Amino acid sequence: MLVITALAVVRTRSLFAVVTLSGVFSLLSALLFITLDAVDVAFTEAAVGAGISTVLMLGTLALTSRSERSEKKTPIVPLLVVLVTGAAMVYGTLDMPNFGSPDAPAQTHVGPEYFERIPKEIDVPNAVTAILASYRGYDTLGETAVVFTAGIGVLMLMSGLGRRRKEDEDDPDQEGGSA
Amino acid sequence: MFEEMTVDFILGHLNYWFFIILMMTGLYVVIAKGNLVKKIVGLNIFQTSVFMLYISIGKVEGGTAPIFPMDMKIDPEMLYSNPLPHVLILTAIVVGIATTSLGLALIIRIREEYHTIEEHEIAEQETKVSFYELNGNQLTSGDNS
């Protein structure tokens, strides 16, 4: 179903439908995360991926255009690039352990140590929260920095949008009206 | 390598290949489509499938979500999935929405300047501008194609 949704995104021309489909894609992936035991991630994906980003994209559509123009160039080269990259990645997975195997390196090295230490050191029932806030606290700090920077960037890009638009209406020859 | 291609091997790796197909769909949208909003959607698809790959690495067969009982008496027989990928992906999702919003803001700004969000139309306008500049002509304001 995820593949079908993704392919529909490729084919659809109406941008409104594309954005809605991307919301559907996010919700489906949240369901997948639940079946993969990652309930916290599913939470965040449903709220952020399906909620906030869809709203942001709809906002962008309201300020720009609604539909996609038809393509002129032939999609042979991108298709080739994608196929080669995909083949390389499949080749990379051949060395990976089987899905869900308990003796995979990812399961035997760091994970059990966290399970031993969390009840003693943190005493928070949710292991994801415990790791996020304490053992990997610097990640979260960095994440906050990234979000802050992105927020500043968005504000800088968007500030004066209404003002410039008004100037354009008053004087169409102004910069931004031409070119 | 091909002698290991048993049914067990294929079933164990099918999910990775499935995510790679999704990833490549996203990459194709990013490369081949000219519309900027669609590129962002493709980037999101790519990103989400990378998340799925990570989460599926952390899954343990027969395990459950890594949440302990409230009294913190952990049954040693209980299998939990690996919480570390979950933590990393939680961070990545939030960073992803930050980049998405920045990209969308850039699109709005581009649209304001060029009056289009199609890549090839922007390229045409740029070619025209550099052509005029090379010939030393003044760019007139009516040159709004």
# chains A, B, ... in the order shown; residues from 1 in each chain; ligands from 1

$ interface_residues --of "chain A" --to "chain B" --cutoff "6 Å" --atoms "only C-alpha atoms" --output "PyMOL selection string"
chain A and resi 36-37+41+78+82+98-102+111+125-128+132+147+150+154+176+178-179

$ write_last_selection --atoms "N, CA, C and O atoms" --output "compact mmCIF listing (two decimals), in the first residue's frame"
# COMPACT_ATOMS: atom_id res chain seq x y z
N LEU A 36 6.19 -2.39 13.93
CA LEU A 36 7.60 -2.64 14.19
C LEU A 36 7.99 -2.26 15.62
O LEU A 36 9.16 -2.05 15.91
N ASP A 37 7.02 -2.13 16.52
CA ASP A 37 7.24 -1.88 17.95
C ASP A 37 7.71 -0.47 18.28
O ASP A 37 8.10 -0.21 19.40
N VAL A 41 7.87 6.54 17.81
CA VAL A 41 8.12 7.05 16.47
C VAL A 41 6.80 7.18 15.70
O VAL A 41 6.60 8.15 14.97
N PRO A 78 17.17 9.96 -15.27
CA PRO A 78 16.83 9.77 -13.85
C PRO A 78 16.50 8.33 -13.52
O PRO A 78 16.93 7.81 -12.47
N VAL A 82 18.37 6.08 -10.76
CA VAL A 82 17.63 5.48 -9.65
C VAL A 82 17.85 3.97 -9.62
O VAL A 82 18.07 3.38 -8.57
N ASN A 98 19.20 -11.24 8.95
CA ASN A 98 17.78 -11.40 8.64
C ASN A 98 16.93 -10.45 9.48
O ASN A 98 17.30 -10.11 10.60
N PHE A 99 15.79 -10.10 8.94
CA PHE A 99 14.87 -9.20 9.63
C PHE A 99 14.42 -9.80 10.95
O PHE A 99 13.94 -10.93 10.99
N GLY A 100 14.58 -9.04 12.05
CA GLY A 100 14.08 -9.48 13.35
C GLY A 100 14.91 -10.53 14.04
O GLY A 100 14.49 -11.05 15.06
N SER A 101 16.09 -10.84 13.52
CA SER A 101 16.87 -11.89 14.18
C SER A 101 17.46 -11.34 15.49
O SER A 101 18.04 -10.25 15.51
N PRO A 102 17.30 -12.06 16.61
CA PRO A 102 17.70 -11.52 17.91
C PRO A 102 19.22 -11.44 18.08
O PRO A 102 19.70 -10.73 18.96
N GLY A 111 22.11 -2.28 22.78
CA GLY A 111 20.75 -2.40 23.29
C GLY A 111 20.64 -3.03 24.66
O GLY A 111 20.07 -2.44 25.59
N PRO A 125 9.95 4.25 32.98
CA PRO A 125 9.50 3.00 32.34
C PRO A 125 9.72 2.98 30.83
O PRO A 125 10.00 1.93 30.28
N ASN A 126 9.59 4.12 30.17
CA ASN A 126 9.72 4.12 28.73
C ASN A 126 11.20 4.24 28.36
O ASN A 126 11.84 5.27 28.59
N ALA A 127 11.75 3.18 27.77
CA ALA A 127 13.18 3.17 27.47
C ALA A 127 13.54 4.24 26.46
O ALA A 127 14.62 4.84 26.52
N VAL A 128 12.64 4.50 25.51
CA VAL A 128 12.95 5.50 24.47
C VAL A 128 13.11 6.88 25.10
O VAL A 128 14.06 7.61 24.80
N LEU A 132 16.50 9.08 25.15
CA LEU A 132 16.41 10.36 24.46
C LEU A 132 16.84 11.51 25.36
O LEU A 132 17.58 12.41 24.96
N VAL A 147 16.23 22.99 14.76
CA VAL A 147 14.88 23.52 14.61
C VAL A 147 14.88 25.04 14.77
O VAL A 147 14.22 25.77 14.01
N ALA A 150 16.30 26.55 11.61
CA ALA A 150 15.31 26.47 10.53
C ALA A 150 14.21 27.50 10.73
O ALA A 150 13.77 28.15 9.77
N VAL A 154 13.21 30.34 8.08
CA VAL A 154 11.87 30.52 7.53
C VAL A 154 11.38 31.95 7.77
O VAL A 154 10.85 32.60 6.86
N GLY A 176 11.35 42.56 -8.11
CA GLY A 176 10.42 41.55 -7.65
C GLY A 176 9.20 41.51 -8.56
O GLY A 176 8.64 40.46 -8.80
N SER A 178 9.50 42.66 -11.71
CA SER A 178 10.08 42.34 -13.01
C SER A 178 10.85 41.03 -12.93
O SER A 178 10.82 40.34 -11.93
N ALA A 179 11.55 40.70 -13.99
CA ALA A 179 12.38 39.51 -14.12
C ALA A 179 11.61 38.20 -14.05
O ALA A 179 10.91 37.98 -13.12

$ atom_distance --atom1 "CA of Ser29 (chain A)" --atom2 "CA of Ala50 (chain A)"
9.6 Å

$ select_by_dssp --residues "region 60-128 of chain B" --states "strand (DSSP E or B)" --output "VMD selection string"
chain B and resid 64 67 80 118

$ write_last_selection --atoms "C-alpha atoms" --output "tab-separated table (two decimals), in the first residue's frame"
chain	number	residue	atom	x	y	z
B	64	THR	CA	7.50	-5.85	22.07
B	67	ILE	CA	8.33	0.14	27.65
B	80	TYR	CA	12.09	-5.84	23.84
B	118	GLU	CA	8.64	24.89	-12.37

$ residues_around --residues "region 21-27 of chain A" --least-positions-apart "6" --cutoff "6 Å" --atoms "only C-alpha atoms" --output "ChimeraX atom specification"
/A:46,49-50,54

$ select_by_dssp --residues "region 14-124 of chain A" --states "alpha helix (DSSP H)" --output "MDAnalysis selection string"
chainID A and resid 15:35 39:44 53:63 76:93 105:108 110:121

$ decode --residues "region 13-31 of chain B" --atoms "N, CA, C and O atoms" --output "CSV table (one decimal), in the first residue's frame"
chain,number,residue,atom,x,y,z
B,13,HIS,N,15.2,-10.7,4.0
B,13,HIS,CA,15.7,-9.4,3.4
B,13,HIS,C,14.6,-8.7,2.6
B,13,HIS,O,14.9,-7.6,2.1
B,14,LEU,N,13.4,-9.3,2.5
B,14,LEU,CA,12.4,-8.7,1.6
B,14,LEU,C,12.0,-7.3,2.1
B,14,LEU,O,11.8,-6.4,1.3
B,15,ASN,N,12.0,-7.1,3.4
B,15,ASN,CA,11.5,-5.8,3.9
B,15,ASN,C,12.5,-4.7,3.6
B,15,ASN,O,12.2,-3.6,3.3
B,16,TYR,N,13.9,-5.1,3.7
B,16,TYR,CA,14.9,-4.1,3.3
B,16,TYR,C,14.7,-3.7,1.8
B,16,TYR,O,14.7,-2.5,1.5
B,17,TRP,N,14.4,-4.6,1.0
B,17,TRP,CA,14.3,-4.3,-0.5
B,17,TRP,C,13.0,-3.5,-0.7
B,17,TRP,O,13.0,-2.6,-1.5
B,18,PHE,N,12.0,-3.8,0.1
B,18,PHE,CA,10.8,-3.1,0.0
B,18,PHE,C,11.0,-1.6,0.3
B,18,PHE,O,10.6,-0.7,-0.4
B,19,PHE,N,11.8,-1.3,1.4
B,19,PHE,CA,12.1,0.1,1.7
B,19,PHE,C,13.0,0.7,0.7
B,19,PHE,O,12.9,1.9,0.4
B,20,ILE,N,13.9,-0.1,0.1
B,20,ILE,CA,14.7,0.5,-1.0
B,20,ILE,C,13.9,0.9,-2.2
B,20,ILE,O,14.1,1.9,-2.8
B,21,ILE,N,12.9,0.1,-2.5
B,21,ILE,CA,12.0,0.5,-3.6
B,21,ILE,C,11.3,1.8,-3.3
B,21,ILE,O,11.3,2.7,-4.1
B,22,LEU,N,10.8,2.0,-2.0
B,22,LEU,CA,10.2,3.2,-1.7
B,22,LEU,C,11.2,4.4,-1.8
B,22,LEU,O,10.9,5.5,-2.3
B,23,MET,N,12.4,4.1,-1.3
B,23,MET,CA,13.5,5.2,-1.3
B,23,MET,C,13.7,5.6,-2.7
B,23,MET,O,13.8,6.8,-3.0
B,24,MET,N,13.8,4.6,-3.6
B,24,MET,CA,14.1,5.0,-5.0
B,24,MET,C,13.0,5.7,-5.7
B,24,MET,O,13.2,6.6,-6.5
B,25,THR,N,11.7,5.4,-5.3
B,25,THR,CA,10.6,6.2,-5.8
B,25,THR,C,10.8,7.6,-5.4
B,25,THR,O,10.6,8.5,-6.2
B,26,GLY,N,11.1,7.8,-4.1
B,26,GLY,CA,11.3,9.2,-3.7
B,26,GLY,C,12.4,9.9,-4.4
B,26,GLY,O,12.3,11.1,-4.9
B,27,LEU,N,13.5,9.2,-4.6
B,27,LEU,CA,14.7,9.8,-5.3
B,27,LEU,C,14.3,10.1,-6.7
B,27,LEU,O,14.7,11.1,-7.3
B,28,TYR,N,13.5,9.2,-7.4
B,28,TYR,CA,13.1,9.5,-8.8
B,28,TYR,C,12.3,10.8,-8.8
B,28,TYR,O,12.5,11.6,-9.7
B,29,VAL,N,11.4,10.9,-7.9
B,29,VAL,CA,10.5,12.1,-7.9
B,29,VAL,C,11.4,13.4,-7.7
B,29,VAL,O,11.3,14.4,-8.4
B,30,VAL,N,12.5,13.3,-6.9
B,30,VAL,CA,13.3,14.4,-6.6
B,30,VAL,C,14.1,14.7,-7.9
B,30,VAL,O,14.2,15.9,-8.3
B,31,ILE,N,14.6,13.7,-8.6
B,31,ILE,CA,15.4,14.0,-9.8
B,31,ILE,C,14.6,14.4,-11.0
B,31,ILE,O,14.9,15.3,-11.7
